[in-house]
Each structure stands twice: as structure tokens, then as C-alpha cells.
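Dropping coords-v9.cif in here (mmCIF, C-alpha atoms (C1' of nucleotides)):
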```
data_run
#
loop_
_atom_site.group_PDB
_atom_site.id
_atom_site.type_symbol
_atom_site.label_atom_id
_atom_site.label_comp_id
_atom_site.auth_asym_id
_atom_site.auth_seq_id
_atom_site.Cartn_x
_atom_site.Cartn_y
_atom_site.Cartn_z
ATOM 1 C CA MET I 1371 0.000 0.000 0.000
ATOM 2 C CA LYS I 1372 1.212 3.446 -0.827
ATOM 3 C CA ILE I 1373 1.896 5.985 1.816
ATOM 4 C CA ASP I 1374 -0.617 8.474 0.554
ATOM 5 C CA ALA I 1375 -3.357 5.871 0.772
ATOM 6 C CA ALA I 1376 -2.261 4.908 4.260
ATOM 7 C CA ARG I 1377 -2.267 8.516 5.349
ATOM 8 C CA ASP I 1378 -5.765 8.861 4.002
ATOM 9 C CA LEU I 1379 -6.972 5.850 5.955
ATOM 10 C CA ILE I 1380 -5.327 7.142 9.101
ATOM 11 C CA LEU I 1381 -6.869 10.572 8.840
ATOM 12 C CA SER I 1382 -10.255 8.989 8.236
ATOM 13 C CA ALA I 1383 -9.869 6.874 11.338
ATOM 14 C CA VAL I 1384 -8.916 9.903 13.401
ATOM 15 C CA THR I 1385 -11.829 11.887 12.051
ATOM 16 C CA ALA I 1386 -14.120 9.036 13.048
ATOM 17 C CA ILE I 1387 -13.312 9.442 16.730
ATOM 18 C CA PRO I 1388 -16.398 11.017 18.285
ATOM 19 C CA ALA I 1389 -16.115 14.210 20.290
ATOM 20 C CA GLY I 1390 -15.415 13.537 23.932
ATOM 21 C CA ALA I 1391 -13.727 10.236 23.123
ATOM 22 C CA ILE I 1392 -10.062 9.428 22.721
ATOM 23 C CA ALA I 1393 -8.069 6.724 20.992
ATOM 24 C CA SER I 1394 -4.488 5.570 21.169
ATOM 25 C CA TYR I 1395 -2.104 5.733 18.219
ATOM 26 C CA GLY I 1396 -2.062 1.987 17.945
ATOM 27 C CA VAL I 1397 -5.839 1.681 17.935
ATOM 28 C CA VAL I 1398 -6.158 4.363 15.302
ATOM 29 C CA GLY I 1399 -3.717 2.467 13.131
ATOM 30 C CA GLU I 1400 -5.576 -0.785 13.496
ATOM 31 C CA ARG I 1401 -8.892 0.879 12.877
ATOM 32 C CA ALA I 1402 -7.387 2.283 9.711
ATOM 33 C CA GLY I 1403 -6.684 -1.265 8.683
ATOM 34 C CA LEU I 1404 -2.932 -1.023 9.082
ATOM 35 C CA GLN I 1405 -0.641 -3.209 11.101
ATOM 36 C CA ARG I 1406 1.980 -1.946 13.530
ATOM 37 C CA SER I 1407 1.384 1.542 12.308
ATOM 38 C CA ALA I 1408 1.421 3.496 15.558
ATOM 39 C CA ARG I 1409 4.559 5.355 14.576
ATOM 40 C CA MET I 1410 3.137 6.142 11.209
ATOM 41 C CA VAL I 1411 0.021 7.551 12.818
ATOM 42 C CA ALA I 1412 2.220 9.761 14.949
ATOM 43 C CA ARG I 1413 4.158 10.887 11.956
ATOM 44 C CA VAL I 1414 1.043 11.676 9.946
ATOM 45 C CA LEU I 1415 -0.364 13.758 12.759
ATOM 46 C CA SER I 1416 2.910 15.580 13.233
ATOM 47 C CA GLN I 1417 2.794 16.600 9.587
ATOM 48 C CA LEU I 1418 -0.771 17.787 9.818
ATOM 49 C CA PRO I 1419 -1.308 21.371 8.643
ATOM 50 C CA ALA I 1420 -2.285 23.858 11.323
ATOM 51 C CA GLY I 1421 -5.828 24.578 10.263
ATOM 52 C CA SER I 1422 -6.824 20.999 9.597
ATOM 53 C CA ALA I 1423 -10.286 19.812 10.568
ATOM 54 C CA VAL I 1424 -8.865 16.492 11.736
ATOM 55 C CA PRO I 1425 -9.344 16.072 15.514
ATOM 56 C CA TRP I 1426 -5.726 15.115 16.150
ATOM 57 C CA PHE I 1427 -6.055 16.023 19.819
ATOM 58 C CA ARG I 1428 -8.260 12.990 20.433
ATOM 59 C CA VAL I 1429 -5.303 10.743 19.770
ATOM 60 C CA VAL I 1430 -3.217 9.885 22.806
ATOM 61 C CA ARG I 1431 -0.591 7.344 23.765
ATOM 62 C CA SER I 1432 -1.518 3.878 24.917
ATOM 63 C CA GLY I 1433 -2.445 4.320 28.529
ATOM 64 C CA GLY I 1434 -4.374 7.495 27.884
ATOM 65 C CA ARG I 1435 -1.571 9.974 28.236
ATOM 66 C CA ILE I 1436 -1.004 12.977 26.053
ATOM 67 C CA ALA I 1437 1.967 12.275 23.840
ATOM 68 C CA PHE I 1438 3.656 15.625 24.391
ATOM 69 C CA ALA I 1439 5.828 16.557 27.320
ATOM 70 C CA SER I 1440 3.753 17.855 30.179
ATOM 71 C CA GLY I 1441 3.673 21.621 30.150
ATOM 72 C CA SER I 1442 4.926 22.012 26.605
ATOM 73 C CA ARG I 1443 3.159 24.315 24.199
ATOM 74 C CA SER I 1444 1.614 21.453 22.261
ATOM 75 C CA PHE I 1445 0.601 19.770 25.485
ATOM 76 C CA GLN I 1446 -1.347 22.788 26.634
ATOM 77 C CA ARG I 1447 -2.972 23.166 23.235
ATOM 78 C CA GLN I 1448 -4.162 19.566 23.233
ATOM 79 C CA ARG I 1449 -5.284 19.702 26.824
ATOM 80 C CA LYS I 1450 -7.432 22.729 26.192
ATOM 81 C CA LEU I 1451 -9.087 21.168 23.179
ATOM 82 C CA LEU I 1452 -9.863 17.979 25.078
ATOM 83 C CA GLU I 1453 -11.238 19.801 28.060
ATOM 84 C CA ALA I 1454 -13.430 21.816 25.714
ATOM 85 C CA GLU I 1455 -15.079 18.503 24.854
ATOM 86 C CA GLY I 1456 -15.650 17.494 28.424
ATOM 87 C CA CYS I 1457 -12.577 15.334 28.944
ATOM 88 C CA VAL I 1458 -10.624 15.620 32.141
ATOM 89 C CA VAL I 1459 -6.881 16.050 31.798
ATOM 90 C CA SER I 1460 -4.457 15.940 34.702
ATOM 91 C CA ASP I 1461 -1.294 18.034 34.797
ATOM 92 C CA GLU I 1462 0.685 14.918 34.011
ATOM 93 C CA GLY I 1463 -1.379 14.418 30.890
ATOM 94 C CA ARG I 1464 -3.657 11.581 31.878
ATOM 95 C CA VAL I 1465 -6.869 11.893 29.941
ATOM 96 C CA ARG I 1466 -10.260 10.648 31.036
ATOM 97 C CA ALA I 1467 -12.627 10.586 28.086
ATOM 98 C CA ALA I 1468 -15.965 12.301 28.524
ATOM 99 C CA ARG I 1469 -17.879 9.343 27.173
ATOM 100 C CA ALA I 1470 -15.584 6.426 27.740
ATOM 101 C CA ASP I 1471 -17.715 4.021 29.716
ATOM 102 C CA ASN I 1472 -20.746 3.794 27.510
ATOM 103 C CA SER I 1473 -21.155 3.683 23.768
ATOM 104 C CA LEU I 1474 -18.210 1.462 23.070
ATOM 105 C CA ASP I 1475 -19.210 1.089 19.479
ATOM 106 C CA ALA I 1476 -17.482 4.201 18.396
ATOM 107 C CA LEU I 1477 -15.030 4.527 21.198
ATOM 108 C CA LEU I 1478 -11.598 3.134 20.933
ATOM 109 C CA TRP I 1479 -8.976 3.032 23.473
ATOM 110 C CA GLY I 1480 -5.742 1.302 23.943
ATOM 111 C CA PRO I 1481 -4.738 -2.139 25.101
ATOM 112 C CA MET I 1482 -5.517 -1.409 28.698
ATOM 113 C CA MET I 1483 -9.044 -0.158 28.832
ATOM 114 C CA GLY I 1484 -9.666 -1.383 32.286
ATOM 115 C CA SER I 1485 -6.851 0.280 34.117
ATOM 116 C CA GLY I 1486 -8.695 2.914 36.022
ATOM 117 C CA GLU I 1487 -12.359 2.744 35.739
ATOM 118 C "C1'" DA O 786 23.307 0.291 0.978
ATOM 119 C "C1'" DT O 787 23.841 1.865 6.426
ATOM 120 C "C1'" DA O 788 22.584 4.879 10.493
ATOM 121 C "C1'" DC O 789 19.902 7.844 13.245
ATOM 122 C "C1'" DT O 790 15.460 9.746 14.615
ATOM 123 C "C1'" DG O 791 10.573 10.008 16.024
ATOM 124 C "C1'" DA O 792 3.383 13.253 18.781
ATOM 125 C "C1'" DC O 793 4.813 4.781 19.388
ATOM 126 C "C1'" DC O 794 4.141 -0.027 21.828
ATOM 127 C "C1'" DC O 795 5.204 -4.017 24.809
ATOM 128 C "C1'" DC O 796 7.679 -6.745 28.163
ATOM 129 C "C1'" DC O 797 10.420 -7.450 32.110
ATOM 130 C "C1'" DG O 798 12.817 -5.849 36.810
ATOM 131 C "C1'" DA N 501 5.997 5.162 40.074
ATOM 132 C "C1'" DC N 502 10.554 4.502 37.936
ATOM 133 C "C1'" DG N 503 14.090 2.366 34.927
ATOM 134 C "C1'" DG N 504 15.963 -0.659 30.701
ATOM 135 C "C1'" DG N 505 15.542 -3.384 26.381
ATOM 136 C "C1'" DG N 506 13.631 -4.674 21.907
ATOM 137 C "C1'" DG N 507 10.584 -4.085 17.961
ATOM 138 C "C1'" DC N 508 8.142 -1.427 14.613
ATOM 139 C "C1'" DC N 509 7.867 1.569 10.080
ATOM 140 C "C1'" DA N 510 8.933 6.002 7.346
ATOM 141 C "C1'" DG N 511 11.697 9.809 6.618
ATOM 142 C "C1'" DT N 512 16.120 11.887 6.282
ATOM 143 C "C1'" DA N 513 21.204 12.251 5.881
#
```

Can I see the file as C-alpha cells?
Amino acid sequence: MKIDAARDLILSAVTAIPAGAIASYGVVGERAGLQRSARMVARVLSQLPAGSAVPWFRVVRSGGRIAFASGSRSFQRQRKLLEAEGCVVSDEGRVRAARADNSLDALLWGPMMGSGE
DNA sequence: ATACTGACCCCCG
DNA sequence: ACGGGGGCCAGTA
């Protein structure tokens, strides 16, 4: 598969994440139909143009942590966007999705969905 | 071709 | 909660 096609699938998967929900890089990759593509997802998002409509901020690391260093510019940007959707973000970057427990159909998470509540 | 890097992931102390 | 190690795939030099 060509990279452009993969990028398209990835962006579609990210766009499919409902507001108030979050998904890990790995899950986004799998949902896009790609294997072991977490790094590629990260790369695609990092190359995303500033004004894009893609909800990149709903993508977090496995474990529900914001990928950026706590306190960094990007971290604060992402945190604000998530909180605007009802998510709760700790200073360390742990994200609690606004609608995580119900409506699993659309919600994706990482390998460890059960680690907190 | 090799070598290093990155908004990653997983396993084991 | 910390560390360390390996694997992964694309991009870049």
C-alpha cells in the first residue's frame, strides 16, 4: 500500500473518533486497517497542517496519556481542546474521556481499557 | 546500501 | 511510580 493511501486511511480513522472520546495511536492504526502503524500515525499527525479539521487532539498514547511533554506548548494546546469537549486532563497528561464508559461502538482506546475505571 | 530519529508499543525488573 | 531493552515503520542524511 502506498503511503498516501495509508495517510488517508489514518486521517479517516482519526476523524471518526467522536467528540469527547479518545483513541491511542495503535488503535487508530488498526482501525485504519494497518498493522503496527502506531509510529506512522504519529508521523502523519505531526505533519498535519495547522488549520486541519482532523481532531488530532483525540489521539493519545496507549495508557491514555497525552503524547507531548507535560507543560509544553503542544501539550497545553491539546489539553485545552480535550477539556473543551468534556474530557478531564491531569497536569501529568492523563486523559479521562468524557464518554468512555458507555457507547463502546465508536469509542476506541488502547490495550488497557480497564486500568482505572 | 547503512545509520539515526521520532506526537509509538510491549515486556520485564 | 521509575528504569531498561527490543521491535516497529517512514523519513532523512

### Task
Please report as a PyMOL selection string which residues of chain N come no farther than 7 Å from chain I, using all atoms listed in the file.
chain N and resi 508-510

#### Entry: Chain and number of each residue from the PyMOL selection byres ((chain I) within 10 of (chain O)), as a ChimeraX atom specification
/I:1394-1396,1406-1417,1426-1427,1429-1432,1436-1439,1444-1445,1481

### Query
Residues picked by the PyMOL selection byres ((chain I and resi 1392) around 6) here, as a PyMOL selection string?
chain I and resi 1391+1393+1428-1429

If the box runs along x, y and z of the file and leaves 5 Å on each side of region 791-798 of chain O, what are its centre and edge lengths in Å, one decimal, as lines of an AutoDock Vina configuration file?
```
center_x = 8.1
center_y = 2.9
center_z = 26.4
size_x = 19.4
size_y = 30.7
size_z = 30.8
```

### Summary
Computed gap from CA of Leu1404 (chain I) to CA of Leu1381 (chain I) is 12.2 Å

### Message
If I take CA of Thr1385 (chain I) and CA of Glu1453 (chain I), how far is one from the other in Å, to one decimal?
### Response
17.9 Å

### Task
Using the chain letters and numbering of this document, enumerate as a list in words the residues selected by the PyMOL selection byres ((chain I and resi 1464) around 10).
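What the PyMOL selection byres ((chain I and resi 1464) around 10) grabs from the file is Val1430, Arg1431, Gly1433, Gly1434, Arg1435, Ile1436, Ala1437, Ser1440, Arg1449, Val1458, Val1459, Ser1460, Asp1461, Glu1462, Gly1463, Val1465, Arg1466 and Ala1467 of chain I.
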
### Message
Report, in Å with one decimal, the straight-line distance from CA of Leu1379 (chain I) to CA of Ala1402 (chain I).
### Response
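Result for CA of Leu1379 (chain I) versus CA of Ala1402 (chain I): 5.2 Å, one decimal.
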
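By chain and then residue number, the residues within 9 Å of Gly1403 (chain I) are Ala1376, Leu1379, Ile1380 and Val1398 of chain I, counting all atoms listed in the file and disregarding those fewer than 5 positions away in sequence.
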